[in-house]
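In what follows, a structure is listed as structure tokens, so that the remarks can point back to it.
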Amino acid sequence: MNDWYPLARAWVTHPQAPQVGGTLELFADIDPAQPVAPGKEITFTLSVTPTGGAYRTYGYLLDDFLGSTATMVRHQGMSHLTNGRYATYASDAEPRSVTCQVRVNEDAQEGAVLLPRVIIGLMPERGDKLIPSTAVSDAGFRVRRQWLPGQNITLRPGGRAVLP
């Protein structure tokens, strides 16, 4: 079983009906505190939770975070829109979760950053104008081509060590 690490959370409410809204959460199967190496695949889960019974609540993952650093490998349950967004939606009050996989390119530069951004949008009634949140990004990944894993050092009580 994988642990899921939270990356971003966005929410939106209807300006005239605050009980109508939604929350979007983005998780990854890799800890963003750890570096990722070229060729590594990261699985993202995008979870859209509507509240108040809106017609549709849309969740967007903006594709500009990929740049030349990574490639979207699989985006099952999401559409890739021409405006540079991967999108999914939930109807009524039914939450929806979808996953996608991103692969860090082999030629990704050392120190490059993958910082995913999300937006949630609300359509209260069929044909209404979309009410979006602002783009939110919180945690991301840094590319490390070569890195040394940590080493455990055990010292006896009163012992001393000097590290380079």
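Following the order of the structure tokens, chains are lettered A, B, ..., residues in each are numbered from 1, and ligands are numbered from 1.
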Please identify all polymer residues within 8 Å of range 44-48 of chain A, counting only C-alpha atoms, omitting same-chain residues fewer than 5 positions from it, and present them as a list of chain:residue names. A:Gly22, A:Thr23, A:Leu24, A:Glu25, A:Leu26, A:Phe27, A:Ala28, A:Asp29, A:Thr57, A:Tyr58, A:Gly59, A:Tyr89, A:Ala90, A:Pro95, A:Arg96, A:Ser97, A:Val98, A:Thr99, A:Cys100, A:Gln101, A:Val102
Please produce a file of the residues just selected, as an mmCIF file, in the first residue's frame, where the atoms kept are N, CA, C and O atoms.
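And here is the file that came out, part.cif:
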data_model
loop_
_atom_site.group_PDB
_atom_site.id
_atom_site.type_symbol
_atom_site.label_atom_id
_atom_site.label_comp_id
_atom_site.auth_asym_id
_atom_site.auth_seq_id
_atom_site.Cartn_x
_atom_site.Cartn_y
_atom_site.Cartn_z
ATOM 1 N N GLY A 22 -17.119 23.584 -3.157
ATOM 2 C CA GLY A 22 -16.369 22.360 -3.393
ATOM 3 C C GLY A 22 -14.928 22.500 -2.952
ATOM 4 O O GLY A 22 -14.421 23.606 -2.769
ATOM 5 N N THR A 23 -14.298 21.353 -2.776
ATOM 6 C CA THR A 23 -12.894 21.287 -2.372
ATOM 7 C C THR A 23 -12.154 20.360 -3.316
ATOM 8 O O THR A 23 -12.679 19.319 -3.717
ATOM 9 N N LEU A 24 -10.953 20.747 -3.660
ATOM 10 C CA LEU A 24 -10.086 19.929 -4.507
ATOM 11 C C LEU A 24 -8.808 19.665 -3.722
ATOM 12 O O LEU A 24 -8.234 20.589 -3.142
ATOM 13 N N GLU A 25 -8.382 18.403 -3.706
ATOM 14 C CA GLU A 25 -7.137 18.046 -3.037
ATOM 15 C C GLU A 25 -6.260 17.266 -4.003
ATOM 16 O O GLU A 25 -6.760 16.416 -4.749
ATOM 17 N N LEU A 26 -4.971 17.566 -3.977
ATOM 18 C CA LEU A 26 -3.995 16.881 -4.821
ATOM 19 C C LEU A 26 -3.010 16.154 -3.919
ATOM 20 O O LEU A 26 -2.440 16.754 -2.997
ATOM 21 N N PHE A 27 -2.831 14.858 -4.183
ATOM 22 C CA PHE A 27 -1.915 14.020 -3.420
ATOM 23 C C PHE A 27 -0.916 13.377 -4.370
ATOM 24 O O PHE A 27 -1.186 13.221 -5.560
ATOM 25 N N ALA A 28 0.239 12.961 -3.833
ATOM 26 C CA ALA A 28 1.247 12.237 -4.606
ATOM 27 C C ALA A 28 1.687 11.013 -3.819
ATOM 28 O O ALA A 28 1.612 10.994 -2.588
ATOM 29 N N ASP A 29 2.165 9.993 -4.535
ATOM 30 C CA ASP A 29 2.619 8.772 -3.868
ATOM 31 C C ASP A 29 4.079 8.847 -3.449
ATOM 32 O O ASP A 29 4.622 7.896 -2.917
ATOM 33 N N THR A 57 -18.914 20.341 -10.329
ATOM 34 C CA THR A 57 -17.738 20.915 -9.691
ATOM 35 C C THR A 57 -16.535 20.378 -10.453
ATOM 36 O O THR A 57 -16.329 19.172 -10.537
ATOM 37 N N TYR A 58 -15.761 21.283 -11.046
ATOM 38 C CA TYR A 58 -14.634 20.910 -11.900
ATOM 39 C C TYR A 58 -13.321 21.015 -11.143
ATOM 40 O O TYR A 58 -13.123 21.950 -10.363
ATOM 41 N N GLY A 59 -12.426 20.069 -11.400
ATOM 42 C CA GLY A 59 -11.080 20.105 -10.854
ATOM 43 C C GLY A 59 -10.078 20.153 -11.991
ATOM 44 O O GLY A 59 -10.210 19.405 -12.962
ATOM 45 N N TYR A 89 -14.527 16.276 -13.439
ATOM 46 C CA TYR A 89 -15.624 16.931 -12.737
ATOM 47 C C TYR A 89 -16.420 15.935 -11.921
ATOM 48 O O TYR A 89 -16.413 14.739 -12.172
ATOM 49 N N ALA A 90 -17.104 16.476 -10.921
ATOM 50 C CA ALA A 90 -18.018 15.710 -10.089
ATOM 51 C C ALA A 90 -19.395 16.326 -10.245
ATOM 52 O O ALA A 90 -19.528 17.549 -10.307
ATOM 53 N N PRO A 95 -18.556 12.816 -4.730
ATOM 54 C CA PRO A 95 -17.122 13.108 -4.886
ATOM 55 C C PRO A 95 -16.502 12.234 -5.972
ATOM 56 O O PRO A 95 -17.025 11.167 -6.303
ATOM 57 N N ARG A 96 -15.399 12.717 -6.519
ATOM 58 C CA ARG A 96 -14.715 11.968 -7.573
ATOM 59 C C ARG A 96 -13.209 12.084 -7.370
ATOM 60 O O ARG A 96 -12.695 13.155 -7.061
ATOM 61 N N SER A 97 -12.530 10.958 -7.561
ATOM 62 C CA SER A 97 -11.068 10.937 -7.497
ATOM 63 C C SER A 97 -10.529 10.295 -8.763
ATOM 64 O O SER A 97 -11.051 9.275 -9.211
ATOM 65 N N VAL A 98 -9.512 10.908 -9.321
ATOM 66 C CA VAL A 98 -8.854 10.373 -10.515
ATOM 67 C C VAL A 98 -7.348 10.384 -10.279
ATOM 68 O O VAL A 98 -6.853 11.121 -9.428
ATOM 69 N N THR A 99 -6.638 9.558 -11.026
ATOM 70 C CA THR A 99 -5.184 9.511 -10.896
ATOM 71 C C THR A 99 -4.531 9.782 -12.237
ATOM 72 O O THR A 99 -5.126 9.571 -13.293
ATOM 73 N N CYS A 100 -3.302 10.246 -12.166
ATOM 74 C CA CYS A 100 -2.491 10.429 -13.366
ATOM 75 C C CYS A 100 -1.045 10.143 -12.984
ATOM 76 O O CYS A 100 -0.685 10.168 -11.811
ATOM 77 N N GLN A 101 -0.242 9.832 -13.997
ATOM 78 C CA GLN A 101 1.172 9.547 -13.762
ATOM 79 C C GLN A 101 2.036 10.478 -14.577
ATOM 80 O O GLN A 101 1.766 10.718 -15.756
ATOM 81 N N VAL A 102 3.080 10.975 -13.923
ATOM 82 C CA VAL A 102 4.043 11.874 -14.544
ATOM 83 C C VAL A 102 5.415 11.224 -14.445
ATOM 84 O O VAL A 102 5.764 10.668 -13.411
#
Each residue of range 40-89 of chain A with at least one atom at most 12 Å from range 134-137 of chain A should appear once, together with its nearest atom pair and the corresponding distance in Å (one decimal); atoms considered: only C-alpha atoms; ordering: chain, then increasing residue number; output as a tab-separated table.
residue	atom	partner	partner_atom	distance
A:Gly59	CA	A:Ala135	CA	11.0
A:Tyr60	CA	A:Ala135	CA	9.2
A:Leu61	CA	A:Ala135	CA	9.3
A:Leu62	CA	A:Ala135	CA	8.6
A:Asp64	CA	A:Ala135	CA	11.8
A:Phe65	CA	A:Ser137	CA	10.0
A:Arg85	CA	A:Ala135	CA	11.5
Could you save those same residues with N, CA, C and O atoms as a short mmCIF file (atom, residue, chain, number, x, y, z; two decimals), in the first residue's frame?
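Saved the output as selection-v3.cif:
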data_model
loop_
_atom_site.label_atom_id
_atom_site.label_comp_id
_atom_site.auth_asym_id
_atom_site.auth_seq_id
_atom_site.Cartn_x
_atom_site.Cartn_y
_atom_site.Cartn_z
N GLY A 59 -12.43 20.07 -11.40
CA GLY A 59 -11.08 20.11 -10.85
C GLY A 59 -10.08 20.15 -11.99
O GLY A 59 -10.21 19.40 -12.96
N TYR A 60 -9.12 21.05 -11.89
CA TYR A 60 -8.12 21.23 -12.95
C TYR A 60 -6.71 21.09 -12.38
O TYR A 60 -6.40 21.63 -11.32
N LEU A 61 -5.87 20.40 -13.13
CA LEU A 61 -4.43 20.33 -12.87
C LEU A 61 -3.77 21.02 -14.05
O LEU A 61 -3.91 20.56 -15.20
N LEU A 62 -3.11 22.15 -13.82
CA LEU A 62 -2.50 22.91 -14.91
C LEU A 62 -1.25 22.19 -15.40
O LEU A 62 -0.45 21.72 -14.60
N ASP A 64 1.30 23.42 -17.05
CA ASP A 64 2.52 24.21 -17.18
C ASP A 64 3.62 23.79 -16.21
O ASP A 64 4.78 24.12 -16.39
N PHE A 65 3.28 23.03 -15.18
CA PHE A 65 4.30 22.58 -14.23
C PHE A 65 5.21 21.52 -14.85
O PHE A 65 6.31 21.29 -14.38
N ARG A 85 -4.90 22.53 -19.46
CA ARG A 85 -5.37 21.99 -18.18
C ARG A 85 -5.80 20.55 -18.37
O ARG A 85 -6.37 20.18 -19.39
#
Smallest atom-to-atom distance to Gly53 in chain A: which of A:Arg9, A:Arg156, A:His14, A:Arg142, using only C-alpha atoms?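 So, comparing all the options, the nearest one is A:His14.
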Which residue is closest to Pro116 in chain A? Choose from A:Gly140, A:Arg56, A:Ala93, A:Gln16 and count only C-alpha atoms.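 Closest candidate: A:Gly140.
The residue that comes closest to Val73 in chain A, out of A:Tyr86, A:Glu94, A:Tyr5, A:Glu41 and on the basis of only C-alpha atoms, is A:Glu41.
For the pair CA of Phe141 in chain A and CA of Trp4 in chain A, the interatomic distance is 14.3 Å.
Considering only C-alpha atoms, the residue among A:Tyr55, A:Arg144, A:Thr49, A:Pro6 positioned nearest to Leu130 in chain A is A:Tyr55.
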Among listed residues A:Gly67, A:Arg126, A:Asp92, A:Val118, nearest Leu7 in chain A (using only C-alpha atoms):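 Nearest candidate to Leu7 in chain A out of A:Gly67, A:Arg126, A:Asp92, A:Val118: A:Val118.
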In Å, rounded to a single decimal, give me how far CA of Pro132 in chain A is from CA of Thr13 in chain A.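 That distance, rounded to one decimal, is 9.0 Å.
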